[in-house]
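Structure file entry_12.pdb with PDB, C-alpha atoms and all ligand atoms:
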```
ATOM      1  CA  MET A 121      55.013 -14.512 -23.250  1.00  0.00           C
ATOM      2  CA  ARG A 122      54.644 -17.167 -20.579  1.00  0.00           C
ATOM      3  CA  LYS A 123      55.990 -20.598 -21.457  1.00  0.00           C
ATOM      4  CA  LYS A 124      53.478 -23.442 -21.323  1.00  0.00           C
ATOM      5  CA  VAL A 125      54.349 -25.954 -18.623  1.00  0.00           C
ATOM      6  CA  ILE A 126      52.956 -29.484 -18.811  1.00  0.00           C
ATOM      7  CA  ALA A 127      53.424 -31.549 -15.666  1.00  0.00           C
ATOM      8  CA  GLY A 128      52.485 -35.183 -15.094  1.00  0.00           C
ATOM      9  CA  ASN A 129      51.387 -36.213 -11.622  1.00  0.00           C
ATOM     10  CA  TRP A 130      51.856 -39.962 -11.551  1.00  0.00           C
ATOM     11  CA  LYS A 131      50.194 -40.257  -8.125  1.00  0.00           C
ATOM     12  CA  MET A 132      50.698 -43.717  -6.535  1.00  0.00           C
ATOM     13  CA  ASN A 133      51.522 -45.421  -9.836  1.00  0.00           C
ATOM     14  CA  ASN A 134      54.598 -47.074 -11.347  1.00  0.00           C
ATOM     15  CA  ASP A 135      57.211 -49.188  -9.619  1.00  0.00           C
ATOM     16  CA  LEU A 136      60.813 -49.023 -10.863  1.00  0.00           C
ATOM     17  CA  ASN A 137      60.094 -51.076 -14.003  1.00  0.00           C
ATOM     18  CA  GLY A 138      57.117 -48.890 -14.850  1.00  0.00           C
ATOM     19  CA  THR A 139      59.210 -45.779 -14.230  1.00  0.00           C
ATOM     20  CA  VAL A 140      61.973 -46.925 -16.565  1.00  0.00           C
ATOM     21  CA  SER A 141      59.577 -47.759 -19.371  1.00  0.00           C
ATOM     22  CA  LEU A 142      57.430 -44.603 -19.093  1.00  0.00           C
ATOM     23  CA  ILE A 143      60.395 -42.232 -18.855  1.00  0.00           C
ATOM     24  CA  SER A 144      62.197 -44.004 -21.701  1.00  0.00           C
ATOM     25  CA  GLU A 145      59.133 -43.563 -23.931  1.00  0.00           C
ATOM     26  CA  LEU A 146      58.732 -39.921 -22.956  1.00  0.00           C
ATOM     27  CA  LYS A 147      62.387 -39.208 -23.709  1.00  0.00           C
ATOM     28  CA  LYS A 148      61.875 -40.356 -27.287  1.00  0.00           C
ATOM     29  CA  GLY A 149      59.034 -37.893 -27.747  1.00  0.00           C
ATOM     30  CA  VAL A 150      60.342 -34.834 -25.881  1.00  0.00           C
ATOM     31  CA  THR A 151      63.169 -33.200 -27.837  1.00  0.00           C
ATOM     32  CA  GLU A 152      64.796 -29.800 -28.317  1.00  0.00           C
ATOM     33  CA  LEU A 153      61.899 -29.035 -30.668  1.00  0.00           C
ATOM     34  CA  THR A 154      59.293 -29.487 -27.928  1.00  0.00           C
ATOM     35  CA  LYS A 155      57.690 -26.116 -27.235  1.00  0.00           C
ATOM     36  CA  ALA A 156      56.428 -26.869 -23.738  1.00  0.00           C
ATOM     37  CA  GLU A 157      58.422 -27.273 -20.564  1.00  0.00           C
ATOM     38  CA  VAL A 158      57.781 -30.850 -19.442  1.00  0.00           C
ATOM     39  CA  ILE A 159      57.850 -32.083 -15.854  1.00  0.00           C
ATOM     40  CA  VAL A 160      57.192 -35.566 -14.474  1.00  0.00           C
ATOM     41  CA  CYS A 161      56.329 -36.205 -10.835  1.00  0.00           C
ATOM     42  CA  PRO A 162      56.882 -39.885 -10.009  1.00  0.00           C
ATOM     43  CA  PRO A 163      56.450 -41.384  -6.536  1.00  0.00           C
ATOM     44  CA  PHE A 164      59.301 -40.937  -4.021  1.00  0.00           C
ATOM     45  CA  THR A 165      60.666 -44.436  -4.670  1.00  0.00           C
ATOM     46  CA  SER A 166      61.261 -43.630  -8.341  1.00  0.00           C
ATOM     47  CA  LEU A 167      62.894 -40.214  -7.963  1.00  0.00           C
ATOM     48  CA  GLU A 168      66.480 -41.425  -7.946  1.00  0.00           C
ATOM     49  CA  THR A 169      65.809 -43.550 -11.029  1.00  0.00           C
ATOM     50  CA  ALA A 170      64.179 -40.553 -12.696  1.00  0.00           C
ATOM     51  CA  GLN A 171      67.285 -38.510 -11.925  1.00  0.00           C
ATOM     52  CA  THR A 172      69.517 -41.087 -13.628  1.00  0.00           C
ATOM     53  CA  LEU A 173      67.229 -41.509 -16.637  1.00  0.00           C
ATOM     54  CA  LEU A 174      66.688 -37.795 -17.161  1.00  0.00           C
ATOM     55  CA  LYS A 175      70.346 -36.708 -16.907  1.00  0.00           C
ATOM     56  CA  ASP A 176      70.575 -36.225 -20.666  1.00  0.00           C
ATOM     57  CA  SER A 177      67.004 -35.008 -21.189  1.00  0.00           C
ATOM     58  CA  ILE A 178      65.212 -31.662 -21.146  1.00  0.00           C
ATOM     59  CA  ILE A 179      62.401 -33.285 -19.145  1.00  0.00           C
ATOM     60  CA  LYS A 180      62.421 -32.014 -15.575  1.00  0.00           C
ATOM     61  CA  PHE A 181      61.150 -33.872 -12.562  1.00  0.00           C
ATOM     62  CA  GLY A 182      59.678 -33.281  -9.162  1.00  0.00           C
ATOM     63  CA  ALA A 183      58.030 -34.928  -6.182  1.00  0.00           C
ATOM     64  CA  GLN A 184      54.332 -35.097  -5.354  1.00  0.00           C
ATOM     65  CA  ASN A 185      54.634 -34.004  -1.743  1.00  0.00           C
ATOM     66  CA  MET A 186      57.105 -33.413   1.105  1.00  0.00           C
ATOM     67  CA  TYR A 187      57.096 -32.530   4.786  1.00  0.00           C
ATOM     68  CA  PHE A 188      58.108 -29.066   5.991  1.00  0.00           C
ATOM     69  CA  GLU A 189      60.579 -30.069   8.710  1.00  0.00           C
ATOM     70  CA  GLU A 190      64.278 -30.550   8.016  1.00  0.00           C
ATOM     71  CA  SER A 191      64.713 -33.910   9.746  1.00  0.00           C
ATOM     72  CA  GLY A 192      63.756 -35.789  12.899  1.00  0.00           C
ATOM     73  CA  ALA A 193      61.032 -37.962  14.343  1.00  0.00           C
ATOM     74  CA  PHE A 194      58.492 -37.741  11.513  1.00  0.00           C
ATOM     75  CA  THR A 195      58.023 -41.380  10.580  1.00  0.00           C
ATOM     76  CA  GLY A 196      57.191 -41.912   6.944  1.00  0.00           C
ATOM     77  CA  GLU A 197      57.920 -38.352   5.862  1.00  0.00           C
ATOM     78  CA  ILE A 198      60.400 -36.938   3.329  1.00  0.00           C
ATOM     79  CA  SER A 199      62.189 -33.613   3.811  1.00  0.00           C
ATOM     80  CA  PRO A 200      62.957 -30.876   1.257  1.00  0.00           C
ATOM     81  CA  SER A 201      66.694 -31.565   1.424  1.00  0.00           C
ATOM     82  CA  MET A 202      66.057 -35.263   0.732  1.00  0.00           C
ATOM     83  CA  LEU A 203      64.233 -34.230  -2.444  1.00  0.00           C
ATOM     84  CA  LYS A 204      67.107 -31.930  -3.370  1.00  0.00           C
ATOM     85  CA  SER A 205      69.575 -34.753  -2.821  1.00  0.00           C
ATOM     86  CA  VAL A 206      67.920 -36.800  -5.582  1.00  0.00           C
ATOM     87  CA  GLY A 207      67.900 -33.834  -7.940  1.00  0.00           C
ATOM     88  CA  CYS A 208      64.259 -32.766  -7.672  1.00  0.00           C
ATOM     89  CA  GLU A 209      63.537 -29.359  -9.118  1.00  0.00           C
ATOM     90  CA  TYR A 210      59.786 -29.221  -8.449  1.00  0.00           C
ATOM     91  CA  VAL A 211      57.384 -30.332  -5.747  1.00  0.00           C
ATOM     92  CA  VAL A 212      53.597 -30.567  -5.983  1.00  0.00           C
ATOM     93  CA  LEU A 213      52.032 -29.110  -2.830  1.00  0.00           C
ATOM     94  CA  GLY A 214      48.430 -28.857  -1.674  1.00  0.00           C
ATOM     95  CA  HIS A 215      47.017 -31.387  -4.127  1.00  0.00           C
ATOM     96  CA  SER A 216      43.331 -31.962  -3.371  1.00  0.00           C
ATOM     97  CA  GLU A 217      44.049 -35.605  -2.534  1.00  0.00           C
ATOM     98  CA  ARG A 218      46.526 -34.421   0.121  1.00  0.00           C
ATOM     99  CA  ARG A 219      43.943 -31.971   1.438  1.00  0.00           C
ATOM    100  CA  THR A 220      40.999 -34.375   1.536  1.00  0.00           C
ATOM    101  CA  ILE A 221      42.515 -37.819   2.182  1.00  0.00           C
ATOM    102  CA  PHE A 222      45.452 -36.745   4.350  1.00  0.00           C
ATOM    103  CA  GLY A 223      43.884 -33.744   6.069  1.00  0.00           C
ATOM    104  CA  GLU A 224      46.327 -31.074   4.898  1.00  0.00           C
ATOM    105  CA  THR A 225      45.166 -27.602   5.842  1.00  0.00           C
ATOM    106  CA  ASP A 226      46.002 -24.274   4.207  1.00  0.00           C
ATOM    107  CA  GLN A 227      48.348 -23.652   7.156  1.00  0.00           C
ATOM    108  CA  ILE A 228      50.255 -26.896   6.622  1.00  0.00           C
ATOM    109  CA  ILE A 229      50.514 -26.181   2.896  1.00  0.00           C
ATOM    110  CA  ASN A 230      51.824 -22.685   3.676  1.00  0.00           C
ATOM    111  CA  LYS A 231      54.575 -24.214   5.835  1.00  0.00           C
ATOM    112  CA  LYS A 232      55.418 -26.635   3.036  1.00  0.00           C
ATOM    113  CA  ILE A 233      55.653 -23.862   0.430  1.00  0.00           C
ATOM    114  CA  LYS A 234      57.931 -21.908   2.781  1.00  0.00           C
ATOM    115  CA  ALA A 235      60.152 -24.963   3.310  1.00  0.00           C
ATOM    116  CA  ALA A 236      60.238 -25.736  -0.418  1.00  0.00           C
ATOM    117  CA  VAL A 237      61.378 -22.282  -1.508  1.00  0.00           C
ATOM    118  CA  LYS A 238      63.905 -22.124   1.319  1.00  0.00           C
ATOM    119  CA  HIS A 239      65.530 -25.218  -0.192  1.00  0.00           C
ATOM    120  CA  GLY A 240      65.297 -24.022  -3.785  1.00  0.00           C
ATOM    121  CA  LEU A 241      62.464 -26.372  -4.752  1.00  0.00           C
ATOM    122  CA  LYS A 242      59.888 -24.916  -7.151  1.00  0.00           C
ATOM    123  CA  PRO A 243      56.368 -25.390  -5.785  1.00  0.00           C
ATOM    124  CA  ILE A 244      53.462 -26.448  -7.982  1.00  0.00           C
ATOM    125  CA  PHE A 245      50.797 -25.173  -5.621  1.00  0.00           C
ATOM    126  CA  CYS A 246      47.370 -26.763  -6.192  1.00  0.00           C
ATOM    127  CA  ILE A 247      44.090 -25.094  -5.384  1.00  0.00           C
ATOM    128  CA  GLY A 248      40.490 -25.612  -6.402  1.00  0.00           C
ATOM    129  CA  GLU A 249      36.903 -25.893  -5.268  1.00  0.00           C
ATOM    130  CA  THR A 250      34.724 -28.960  -4.707  1.00  0.00           C
ATOM    131  CA  LEU A 251      31.510 -29.548  -6.640  1.00  0.00           C
ATOM    132  CA  GLU A 252      29.472 -28.478  -3.619  1.00  0.00           C
ATOM    133  CA  GLU A 253      31.420 -25.221  -3.377  1.00  0.00           C
ATOM    134  CA  ARG A 254      30.969 -24.531  -7.105  1.00  0.00           C
ATOM    135  CA  GLU A 255      27.246 -25.182  -6.842  1.00  0.00           C
ATOM    136  CA  LYS A 256      27.033 -22.822  -3.858  1.00  0.00           C
ATOM    137  CA  GLY A 257      28.662 -20.128  -6.009  1.00  0.00           C
ATOM    138  CA  ILE A 258      31.731 -19.784  -3.778  1.00  0.00           C
ATOM    139  CA  THR A 259      34.447 -20.920  -6.207  1.00  0.00           C
ATOM    140  CA  PHE A 260      36.292 -17.576  -6.155  1.00  0.00           C
ATOM    141  CA  GLU A 261      36.003 -17.340  -2.375  1.00  0.00           C
ATOM    142  CA  ILE A 262      37.531 -20.817  -1.913  1.00  0.00           C
ATOM    143  CA  CYS A 263      40.360 -20.199  -4.381  1.00  0.00           C
ATOM    144  CA  GLU A 264      41.063 -16.842  -2.751  1.00  0.00           C
ATOM    145  CA  ARG A 265      41.229 -18.396   0.730  1.00  0.00           C
ATOM    146  CA  GLN A 266      43.563 -21.165  -0.437  1.00  0.00           C
ATOM    147  CA  ILE A 267      45.875 -18.687  -2.181  1.00  0.00           C
ATOM    148  CA  ARG A 268      45.872 -16.075   0.603  1.00  0.00           C
ATOM    149  CA  PHE A 269      46.683 -18.629   3.324  1.00  0.00           C
ATOM    150  CA  GLY A 270      48.935 -20.756   1.133  1.00  0.00           C
ATOM    151  CA  LEU A 271      51.150 -17.826   0.168  1.00  0.00           C
ATOM    152  CA  GLU A 272      50.949 -15.924   3.460  1.00  0.00           C
ATOM    153  CA  GLY A 273      54.242 -14.423   4.575  1.00  0.00           C
ATOM    154  CA  LEU A 274      56.031 -15.184   1.304  1.00  0.00           C
ATOM    155  CA  THR A 275      57.645 -12.482  -0.818  1.00  0.00           C
ATOM    156  CA  GLU A 276      57.734 -12.083  -4.591  1.00  0.00           C
ATOM    157  CA  ALA A 277      61.415 -12.975  -4.579  1.00  0.00           C
ATOM    158  CA  GLU A 278      60.754 -16.184  -2.633  1.00  0.00           C
ATOM    159  CA  LEU A 279      57.927 -17.077  -4.996  1.00  0.00           C
ATOM    160  CA  SER A 280      59.776 -16.313  -8.221  1.00  0.00           C
ATOM    161  CA  ASP A 281      59.520 -19.962  -9.376  1.00  0.00           C
ATOM    162  CA  LEU A 282      55.990 -20.574  -8.137  1.00  0.00           C
ATOM    163  CA  ILE A 283      53.480 -22.358 -10.342  1.00  0.00           C
ATOM    164  CA  ILE A 284      49.817 -22.352  -9.341  1.00  0.00           C
ATOM    165  CA  ALA A 285      47.702 -25.265 -10.560  1.00  0.00           C
ATOM    166  CA  TYR A 286      43.971 -24.592 -10.617  1.00  0.00           C
ATOM    167  CA  GLU A 287      42.362 -27.985 -10.197  1.00  0.00           C
ATOM    168  CA  PRO A 288      38.625 -28.040  -9.615  1.00  0.00           C
ATOM    169  CA  VAL A 289      38.201 -31.055  -7.340  1.00  0.00           C
ATOM    170  CA  TRP A 290      35.100 -32.201  -9.237  1.00  0.00           C
ATOM    171  CA  ALA A 291      37.189 -32.508 -12.404  1.00  0.00           C
ATOM    172  CA  ILE A 292      40.059 -34.541 -10.950  1.00  0.00           C
ATOM    173  CA  GLY A 293      40.011 -38.139 -12.091  1.00  0.00           C
ATOM    174  CA  THR A 294      36.319 -37.921 -12.946  1.00  0.00           C
ATOM    175  CA  GLY A 295      36.499 -37.490 -16.707  1.00  0.00           C
ATOM    176  CA  LYS A 296      34.543 -34.221 -16.212  1.00  0.00           C
ATOM    177  CA  THR A 297      36.648 -31.314 -17.429  1.00  0.00           C
ATOM    178  CA  ALA A 298      35.872 -27.678 -16.700  1.00  0.00           C
ATOM    179  CA  THR A 299      34.744 -25.951 -19.881  1.00  0.00           C
ATOM    180  CA  ASN A 300      37.283 -23.631 -21.477  1.00  0.00           C
ATOM    181  CA  GLU A 301      35.215 -20.691 -20.218  1.00  0.00           C
ATOM    182  CA  GLN A 302      34.900 -22.011 -16.655  1.00  0.00           C
ATOM    183  CA  ALA A 303      38.653 -22.622 -16.461  1.00  0.00           C
ATOM    184  CA  GLN A 304      39.614 -19.311 -18.075  1.00  0.00           C
ATOM    185  CA  GLU A 305      37.281 -17.408 -15.721  1.00  0.00           C
ATOM    186  CA  VAL A 306      38.969 -18.830 -12.613  1.00  0.00           C
ATOM    187  CA  HIS A 307      42.475 -18.447 -14.062  1.00  0.00           C
ATOM    188  CA  ALA A 308      41.804 -14.762 -14.772  1.00  0.00           C
ATOM    189  CA  PHE A 309      40.478 -14.385 -11.224  1.00  0.00           C
ATOM    190  CA  ILE A 310      43.623 -16.019  -9.803  1.00  0.00           C
ATOM    191  CA  ARG A 311      45.906 -13.765 -11.839  1.00  0.00           C
ATOM    192  CA  GLY A 312      43.944 -10.710 -10.679  1.00  0.00           C
ATOM    193  CA  LEU A 313      44.153 -11.819  -7.057  1.00  0.00           C
ATOM    194  CA  VAL A 314      47.899 -12.487  -7.252  1.00  0.00           C
ATOM    195  CA  SER A 315      48.332  -9.073  -8.807  1.00  0.00           C
ATOM    196  CA  LYS A 316      46.617  -7.534  -5.756  1.00  0.00           C
ATOM    197  CA  LEU A 317      48.503  -9.688  -3.246  1.00  0.00           C
ATOM    198  CA  LEU A 318      51.946  -9.329  -4.841  1.00  0.00           C
ATOM    199  CA  SER A 319      52.224  -7.193  -7.968  1.00  0.00           C
ATOM    200  CA  GLU A 320      50.949  -6.885 -11.516  1.00  0.00           C
ATOM    201  CA  THR A 321      54.409  -7.690 -12.930  1.00  0.00           C
ATOM    202  CA  PHE A 322      54.604 -10.840 -10.820  1.00  0.00           C
ATOM    203  CA  ALA A 323      51.068 -11.883 -11.786  1.00  0.00           C
ATOM    204  CA  GLN A 324      51.781 -11.442 -15.499  1.00  0.00           C
ATOM    205  CA  LYS A 325      54.798 -13.753 -15.249  1.00  0.00           C
ATOM    206  CA  LEU A 326      53.070 -16.356 -13.075  1.00  0.00           C
ATOM    207  CA  VAL A 327      52.421 -19.741 -14.688  1.00  0.00           C
ATOM    208  CA  ILE A 328      48.898 -20.939 -13.865  1.00  0.00           C
ATOM    209  CA  GLN A 329      48.223 -24.515 -14.922  1.00  0.00           C
ATOM    210  CA  TYR A 330      44.829 -26.116 -15.302  1.00  0.00           C
ATOM    211  CA  GLY A 331      44.296 -29.627 -13.958  1.00  0.00           C
ATOM    212  CA  GLY A 332      41.294 -31.914 -14.007  1.00  0.00           C
ATOM    213  CA  SER A 333      40.769 -34.638 -16.606  1.00  0.00           C
ATOM    214  CA  VAL A 334      43.064 -33.032 -19.171  1.00  0.00           C
ATOM    215  CA  LYS A 335      43.439 -35.389 -22.113  1.00  0.00           C
ATOM    216  CA  PRO A 336      44.621 -35.204 -25.724  1.00  0.00           C
ATOM    217  CA  GLU A 337      41.062 -34.404 -26.869  1.00  0.00           C
ATOM    218  CA  ASN A 338      40.602 -31.278 -24.728  1.00  0.00           C
ATOM    219  CA  ALA A 339      44.162 -30.048 -24.129  1.00  0.00           C
ATOM    220  CA  LYS A 340      44.547 -27.848 -27.190  1.00  0.00           C
ATOM    221  CA  GLU A 341      41.497 -25.687 -26.508  1.00  0.00           C
ATOM    222  CA  LEU A 342      42.173 -25.388 -22.798  1.00  0.00           C
ATOM    223  CA  LEU A 343      45.781 -24.387 -23.456  1.00  0.00           C
ATOM    224  CA  ALA A 344      44.648 -21.776 -25.969  1.00  0.00           C
ATOM    225  CA  GLN A 345      42.884 -19.758 -23.232  1.00  0.00           C
ATOM    226  CA  THR A 346      44.596 -16.477 -22.386  1.00  0.00           C
ATOM    227  CA  ASP A 347      45.326 -17.267 -18.745  1.00  0.00           C
ATOM    228  CA  ILE A 348      45.932 -21.009 -18.992  1.00  0.00           C
ATOM    229  CA  ASP A 349      49.685 -21.524 -19.085  1.00  0.00           C
ATOM    230  CA  GLY A 350      49.898 -25.269 -18.949  1.00  0.00           C
ATOM    231  CA  ALA A 351      48.381 -28.379 -17.488  1.00  0.00           C
ATOM    232  CA  LEU A 352      48.811 -30.611 -14.486  1.00  0.00           C
ATOM    233  CA  VAL A 353      47.859 -34.029 -15.790  1.00  0.00           C
ATOM    234  CA  GLY A 354      46.951 -37.085 -13.733  1.00  0.00           C
ATOM    235  CA  GLY A 355      45.405 -40.102 -15.477  1.00  0.00           C
ATOM    236  CA  ALA A 356      46.500 -39.159 -18.990  1.00  0.00           C
ATOM    237  CA  CYS A 357      50.179 -38.854 -18.026  1.00  0.00           C
ATOM    238  CA  LEU A 358      50.490 -42.557 -17.225  1.00  0.00           C
ATOM    239  CA  LYS A 359      50.597 -43.578 -20.874  1.00  0.00           C
ATOM    240  CA  ALA A 360      53.412 -42.056 -22.906  1.00  0.00           C
ATOM    241  CA  ASP A 361      51.314 -41.616 -26.048  1.00  0.00           C
ATOM    242  CA  SER A 362      48.523 -39.639 -24.373  1.00  0.00           C
ATOM    243  CA  PHE A 363      50.950 -37.479 -22.344  1.00  0.00           C
ATOM    244  CA  LEU A 364      53.011 -36.797 -25.480  1.00  0.00           C
ATOM    245  CA  LYS A 365      49.867 -35.815 -27.387  1.00  0.00           C
ATOM    246  CA  ILE A 366      49.027 -33.288 -24.667  1.00  0.00           C
ATOM    247  CA  ILE A 367      52.588 -31.940 -24.833  1.00  0.00           C
ATOM    248  CA  GLU A 368      52.374 -31.725 -28.623  1.00  0.00           C
ATOM    249  CA  SER A 369      49.134 -29.775 -28.438  1.00  0.00           C
ATOM    250  CA  VAL A 370      51.051 -26.774 -27.069  1.00  0.00           C
TER     251      VAL A 370
HETATM  252  C1  LIG A 401      45.670 -34.493 -10.785  1.00  0.00           C
HETATM  253  O1  LIG A 401      45.755 -35.474 -10.076  1.00  0.00           O
HETATM  254  O2  LIG A 401      46.329 -33.497 -10.519  1.00  0.00           O
HETATM  255  C2  LIG A 401      44.770 -34.536 -11.944  1.00  0.00           C
HETATM  256  C3  LIG A 401      44.524 -33.435 -12.572  1.00  0.00           C
HETATM  257  O3  LIG A 401      44.244 -35.773 -12.278  1.00  0.00           O
HETATM  258  P1  LIG A 401      43.396 -36.132 -13.598  1.00  0.00           P
HETATM  259  O4  LIG A 401      44.136 -35.545 -14.780  1.00  0.00           O
HETATM  260  O5  LIG A 401      43.364 -37.619 -13.644  1.00  0.00           O
HETATM  261  O6  LIG A 401      42.057 -35.516 -13.440  1.00  0.00           O
END
```

Spell out the structure here as structure tokens.
Amino acid sequence: MRKKVIAGNWKMNNDLNGTVSLISELKKGVTELTKAEVIVCPPFTSLETAQTLLKDSIIKFGAQNMYFEESGAFTGEISPSMLKSVGCEYVVLGHSERRTIFGETDQIINKKIKAAVKHGLKPIFCIGETLEEREKGITFEICERQIRFGLEGLTEAELSDLIIAYEPVWAIGTGKTATNEQAQEVHAFIRGLVSKLLSETFAQKLVIQYGGSVKPENAKELLAQTDIDGALVGGACLKADSFLKIIESV
């Protein structure tokens, strides 16, 4: 049985005050009885505060991005060891906003995944098609390309803590969620592909999250699909009550 993993991607939201209040609220709702594994991904500036606040909590935390180099003349960037130094366990890589707004290619994302695992950071690797690609009927092709290039040169052992987040771009922040069937179909495809690329045993253990307008109203049914092992939540993770409702729907 794969554990359900619910992660909140705060994006560029919450200063230190906002971080303290959101994490404090979440801590009240996430207890030993919580069935899901819960991860929050605040902005870089809040990671150290998250580390302090989450010391006595089962909530885990991660970053939303990082650069692949160790150190040096990369103005504005953050390295894997910097994330480790503030206690990060996870890092979101390849989010569609990084791909489209900041021009990240599959090759860059591959380098980032390699750097993350080398430093013991667990990647939450995002993939997904645009509306145009879905309408052209090339959803599987796009997801396959992103996974093949993103994971190129990495072994099963290196990827043992990998999470893949399937996030159809047309569903991110739009209020339009993939139907349960649409999401399940792609998740099953991803598991099948990973089984071919790595192994069946690895694919069966792999956590594949769905992301794209997940909210309390649709979480339960999405999470009940055979190959949906959790959710990567954007908008609905910014309010403790809606994020907790999603967590409780596991
Ligand atoms: C995301 O940013 O990863 C995301 C899924 O956002 P939203 O839940 O707002 O669609």

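Here atom CA of Lys123 of chain A stands at a distance of 14.8 Å from atom CA of Ile366 of chain A.
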
List the residues selected by the PyMOL selection byres (((chain A and resi 243) around 7) and not hetatm) in the file shown, writing them as a count of residues only.
12

Taken to one decimal, the atom CA of Ser199 of chain A-atom CA of Lys231 of chain A distance is 12.3 Å

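Within 12 Å of the point (38.2, -23.6, -27.1), and counting only C-alpha atoms, the protein, DNA and RNA residues are A:Ala298, A:Thr299, A:Asn300, A:Glu301, A:Gln302, A:Ala303, A:Gln304, A:Glu337, A:Asn338, A:Ala339, A:Lys340, A:Glu341, A:Leu342, A:Leu343, A:Ala344, A:Gln345, A:Thr346, A:Ile348.
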
Please identify every polymer residue within 6 Å of ligand LIG 401 (chain A), using all atoms listed in the file, and present the set as a ChimeraX atom specification.
/A:129,291-293,331-334,352-355

Could those residues be written to a file, using C-alpha atoms, as a PDB file, keeping the file's coordinate frame?
```pdb
ATOM      1  CA  ASN A 129      51.387 -36.213 -11.622  1.00  0.00           C
ATOM      2  CA  ALA A 291      37.189 -32.508 -12.404  1.00  0.00           C
ATOM      3  CA  ILE A 292      40.059 -34.541 -10.950  1.00  0.00           C
ATOM      4  CA  GLY A 293      40.011 -38.139 -12.091  1.00  0.00           C
ATOM      5  CA  GLY A 331      44.296 -29.627 -13.958  1.00  0.00           C
ATOM      6  CA  GLY A 332      41.294 -31.914 -14.007  1.00  0.00           C
ATOM      7  CA  SER A 333      40.769 -34.638 -16.606  1.00  0.00           C
ATOM      8  CA  VAL A 334      43.064 -33.032 -19.171  1.00  0.00           C
ATOM      9  CA  LEU A 352      48.811 -30.611 -14.486  1.00  0.00           C
ATOM     10  CA  VAL A 353      47.859 -34.029 -15.790  1.00  0.00           C
ATOM     11  CA  GLY A 354      46.951 -37.085 -13.733  1.00  0.00           C
ATOM     12  CA  GLY A 355      45.405 -40.102 -15.477  1.00  0.00           C
TER      13      GLY A 355
END
```
